[in-house]
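Everything below concerns the one structure shown next.
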Amino acid sequence: MDATSEPRLSSNLSSEDADDRNETSTNVFEQPGWQVALWAIAYALIVVVSVTGNVTVIWIILAHRRMRTVTNYFIVNLAFSDVSMAAFNTVFNFVYALHNDWYFGLGYCRFQNFFPITAMFSSIYSMTAIAVDRYMAIIYPLKPRLSSTSTNVVIGVIWIVAFSLAFPQCFYSKTDFYSPRTVCTVDWPGDFGGKHQLSLVGQALWGSEIPGEASEHYQNQIQAKRKVVKMMIVVVVTFALCWLPFHLYFILGSFNKDIYKQKYIQQVYLAIFWLAMSSTMYNPLIYYCLNQRFRSGFRRAFRWCPFIKASEKDKMELQHTRTFRMTRSFQMDSTTMQRDSTERSTTTTLMKF
């Protein structure tokens, strides 16, 4: 997750621990070229798929008025967090993990320990906000939803909290030179942060029945909302499964540092770090598989590809709203009520006459 994550060293490595394990004048983390090439292809796949997919998700939502809902604004925030993680964390940490040598200076060491963690917190809180929004939409469908301004305020608060939680990583970051390598570490004061590195992902919420009369229109609404909930459950579970081995690696290491001395540990770390970073590329694929509107959006975004065809239905799915049916129904009901009222008045007048 951060630049302090070395194959042998925990993310809360102190300078004394680093000194004990870096007395050698040779870099024991050197790998043969064919291994470097294979890992480079694997990590490049993450960056390409994540950046392409998440940028497309952002375009689908922001470029089409129908897609600009409260939930989708949080999905934009989640996509931005994921693309930031892929762009600013994956490549640099991969290069660092290959030879356990930090090439990018103190400034980027601080940034690398700060911004990707901020993005991860933003992802977690964005998923939490989506869960709360879906809960309110299903349990209390007649209550007004968050306005655009309120949604932006919530997103702003998410980033402020994320920045605040990640700032200590930046403040305590440092680089040390142990010939022939330079390491980027977080030098926590005392034992702060050294024992219990646990990650809280959150829970997906599920609603039951709509209070009041269950009309056909509301039944259709509830089905659509539950589809979004199912989609977000898959997103949350995928995120948790991807990051679980990474956190277990450092939790086990905090209790038994000998695991970092094992000969195979560098390959283990590269594998679990790949899995953690791959969490940034799955969401667009999940949206495509489980949501018709996103599926239409992706087809329109990549309609220039010779093997992808975007139909007129895809365009209508993104651009046309269904509010006209409600409006027309409301107008017809109003006209009927007025006609009935007029007929009753006429009848009463005739009776009086």
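Letters A, B, ... go to the chains of the structure tokens in the order shown; residues in each chain start at 1; ligands are counted from 1 in the same order.
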Inset, instruction - Quick one: everything within 12 Å of Thr128 in chain A, counting only C-alpha atoms, minus sequence neighbours fewer than 2 positions away in the same chain. Send it as a PyMOL selection string. - result: chain A and resi 71+74-75+77-78+121-126+130-135+154-155+158+200-205+229+232-233+235-236
Inset, instruction - Write down as a PyMOL selection string the residues of range 33-229 of chain A whose backbone DSSP state falls under alpha helix (DSSP H). - result: chain A and resi 33-62+70-85+91-99+105-139+148-171+216-229
Could you make a table, as JSON lines, of the residues of range 73-97 of chain A that have an atom within 7 Å of an atom of range 45-55 of chain A, each with its nearest atom pair and distance in Å to one decimal, counting only C-alpha atoms, in chain and number order?
```
{"residue": "A:Ala79", "atom": "CA", "partner": "A:Asn54", "partner_atom": "CA", "distance": 5.1}
{"residue": "A:Val83", "atom": "CA", "partner": "A:Val51", "partner_atom": "CA", "distance": 5.3}
{"residue": "A:Ala86", "atom": "CA", "partner": "A:Val47", "partner_atom": "CA", "distance": 5.5}
{"residue": "A:Ala87", "atom": "CA", "partner": "A:Val47", "partner_atom": "CA", "distance": 6.6}
```
Residues from the last selection, all heavy atoms, saved as a short mmCIF file (atom, residue, chain, number, x, y, z; two decimals), in the first residue's frame:
```cif
data_model
loop_
_atom_site.label_atom_id
_atom_site.label_comp_id
_atom_site.auth_asym_id
_atom_site.auth_seq_id
_atom_site.Cartn_x
_atom_site.Cartn_y
_atom_site.Cartn_z
N ALA A 79 -14.11 5.90 -8.19
CA ALA A 79 -13.30 5.68 -9.41
C ALA A 79 -12.06 6.56 -9.41
O ALA A 79 -10.97 6.12 -9.80
CB ALA A 79 -14.16 5.94 -10.65
N VAL A 83 -8.23 5.19 -9.58
CA VAL A 83 -7.31 5.56 -10.64
C VAL A 83 -6.08 6.27 -10.06
O VAL A 83 -4.96 6.13 -10.57
CB VAL A 83 -8.01 6.42 -11.72
CG1 VAL A 83 -8.17 7.86 -11.29
CG2 VAL A 83 -7.25 6.36 -13.04
N ALA A 86 -3.85 3.51 -8.66
CA ALA A 86 -3.15 2.79 -9.73
C ALA A 86 -2.04 3.64 -10.33
O ALA A 86 -0.94 3.14 -10.60
CB ALA A 86 -4.15 2.39 -10.82
N ALA A 87 -2.30 4.92 -10.53
CA ALA A 87 -1.33 5.78 -11.21
C ALA A 87 -0.16 6.17 -10.32
O ALA A 87 1.00 6.22 -10.79
CB ALA A 87 -2.03 7.04 -11.72
#
```
Legend entry - All residues 9 Å or closer to Asp101 in chain A, only C-alpha atoms, same chain fewer than 4 positions away omitted, as a list in words: Asn27, Phe29, Val95, Tyr96, Ala97, Pro180, Arg181, Thr182, Val183 and Cys184 of chain A
Keeping only all heavy atoms, write the selected residues as an mmCIF file, in the first residue's frame.
```
data_model
loop_
_atom_site.group_PDB
_atom_site.id
_atom_site.type_symbol
_atom_site.label_atom_id
_atom_site.label_comp_id
_atom_site.auth_asym_id
_atom_site.auth_seq_id
_atom_site.Cartn_x
_atom_site.Cartn_y
_atom_site.Cartn_z
ATOM 1 N N ASN A 27 23.187 -6.232 -2.826
ATOM 2 C CA ASN A 27 21.721 -6.184 -2.788
ATOM 3 C C ASN A 27 21.170 -7.588 -2.987
ATOM 4 O O ASN A 27 21.191 -8.126 -4.093
ATOM 5 C CB ASN A 27 21.204 -5.253 -3.891
ATOM 6 C CG ASN A 27 19.724 -4.955 -3.722
ATOM 7 O OD1 ASN A 27 19.021 -5.642 -2.993
ATOM 8 N ND2 ASN A 27 19.255 -3.922 -4.403
ATOM 9 N N PHE A 29 18.242 -8.498 -2.998
ATOM 10 C CA PHE A 29 16.915 -8.493 -3.604
ATOM 11 C C PHE A 29 16.947 -8.464 -5.132
ATOM 12 O O PHE A 29 15.918 -8.330 -5.760
ATOM 13 C CB PHE A 29 16.115 -7.283 -3.093
ATOM 14 C CG PHE A 29 15.864 -7.335 -1.611
ATOM 15 C CD1 PHE A 29 16.612 -6.560 -0.742
ATOM 16 C CD2 PHE A 29 14.895 -8.163 -1.074
ATOM 17 C CE1 PHE A 29 16.397 -6.600 0.625
ATOM 18 C CE2 PHE A 29 14.672 -8.216 0.284
ATOM 19 C CZ PHE A 29 15.419 -7.436 1.149
ATOM 20 N N VAL A 95 8.474 -0.972 -8.591
ATOM 21 C CA VAL A 95 9.903 -0.748 -8.828
ATOM 22 C C VAL A 95 10.676 -0.865 -7.519
ATOM 23 O O VAL A 95 11.767 -1.455 -7.462
ATOM 24 C CB VAL A 95 10.136 0.636 -9.475
ATOM 25 C CG1 VAL A 95 11.620 0.959 -9.562
ATOM 26 C CG2 VAL A 95 9.497 0.682 -10.860
ATOM 27 N N TYR A 96 10.110 -0.329 -6.453
ATOM 28 C CA TYR A 96 10.768 -0.392 -5.144
ATOM 29 C C TYR A 96 10.881 -1.836 -4.650
ATOM 30 O O TYR A 96 11.919 -2.261 -4.123
ATOM 31 C CB TYR A 96 9.970 0.449 -4.153
ATOM 32 C CG TYR A 96 10.587 0.573 -2.772
ATOM 33 C CD1 TYR A 96 11.962 0.632 -2.596
ATOM 34 C CD2 TYR A 96 9.771 0.642 -1.646
ATOM 35 C CE1 TYR A 96 12.514 0.766 -1.333
ATOM 36 C CE2 TYR A 96 10.315 0.775 -0.385
ATOM 37 C CZ TYR A 96 11.695 0.832 -0.228
ATOM 38 O OH TYR A 96 12.240 0.950 1.018
ATOM 39 N N ALA A 97 9.790 -2.608 -4.843
ATOM 40 C CA ALA A 97 9.771 -3.982 -4.342
ATOM 41 C C ALA A 97 10.684 -4.908 -5.145
ATOM 42 O O ALA A 97 11.134 -5.934 -4.628
ATOM 43 C CB ALA A 97 8.344 -4.527 -4.363
ATOM 44 N N PRO A 180 24.395 -0.948 -0.711
ATOM 45 C CA PRO A 180 24.302 0.010 -1.829
ATOM 46 C C PRO A 180 22.881 0.505 -2.074
ATOM 47 O O PRO A 180 22.570 0.957 -3.165
ATOM 48 C CB PRO A 180 24.756 -0.859 -3.010
ATOM 49 C CG PRO A 180 24.172 -2.212 -2.691
ATOM 50 C CD PRO A 180 24.222 -2.336 -1.184
ATOM 51 N N ARG A 181 22.003 0.398 -1.050
ATOM 52 C CA ARG A 181 20.591 0.699 -1.295
ATOM 53 C C ARG A 181 20.120 1.898 -0.491
ATOM 54 O O ARG A 181 20.682 2.232 0.534
ATOM 55 C CB ARG A 181 19.714 -0.513 -0.916
ATOM 56 C CG ARG A 181 20.028 -1.784 -1.684
ATOM 57 C CD ARG A 181 19.088 -2.920 -1.307
ATOM 58 N NE ARG A 181 19.211 -3.281 0.102
ATOM 59 C CZ ARG A 181 18.224 -3.154 0.989
ATOM 60 N NH1 ARG A 181 17.071 -2.662 0.623
ATOM 61 N NH2 ARG A 181 18.410 -3.517 2.242
ATOM 62 N N THR A 182 19.026 2.509 -0.993
ATOM 63 C CA THR A 182 18.303 3.534 -0.244
ATOM 64 C C THR A 182 16.915 2.989 0.054
ATOM 65 O O THR A 182 16.266 2.415 -0.823
ATOM 66 C CB THR A 182 18.187 4.837 -1.054
ATOM 67 O OG1 THR A 182 19.494 5.335 -1.327
ATOM 68 C CG2 THR A 182 17.395 5.883 -0.281
ATOM 69 N N VAL A 183 16.463 3.159 1.285
ATOM 70 C CA VAL A 183 15.140 2.665 1.654
ATOM 71 C C VAL A 183 14.253 3.835 2.068
ATOM 72 O O VAL A 183 14.726 4.833 2.623
ATOM 73 C CB VAL A 183 15.212 1.628 2.805
ATOM 74 C CG1 VAL A 183 15.953 0.379 2.356
ATOM 75 C CG2 VAL A 183 15.851 2.229 4.038
ATOM 76 N N CYS A 184 12.979 3.706 1.757
ATOM 77 C CA CYS A 184 11.962 4.682 2.162
ATOM 78 C C CYS A 184 11.145 4.055 3.271
ATOM 79 O O CYS A 184 10.491 3.027 3.061
ATOM 80 C CB CYS A 184 11.082 5.037 0.956
ATOM 81 S SG CYS A 184 9.625 6.049 1.369
#
```
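Distances from A:Trp274, A:Tyr287, A:Thr151, A:Ala310 to Arg68 in chain A were compared using only C-alpha atoms, and the smallest one belongs to A:Thr151.
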Inset, instruction - Report as a list of chain:residue names: the residues of range 89-192 of chain A with a DSSP assignment of strand (DSSP E), based on the backbone of this structure. - result: A:Ser173, A:Lys174, A:Thr175, A:Asp176, A:Phe177, A:Tyr178, A:Arg181, A:Thr182, A:Val183, A:Cys184, A:Thr185, A:Val186
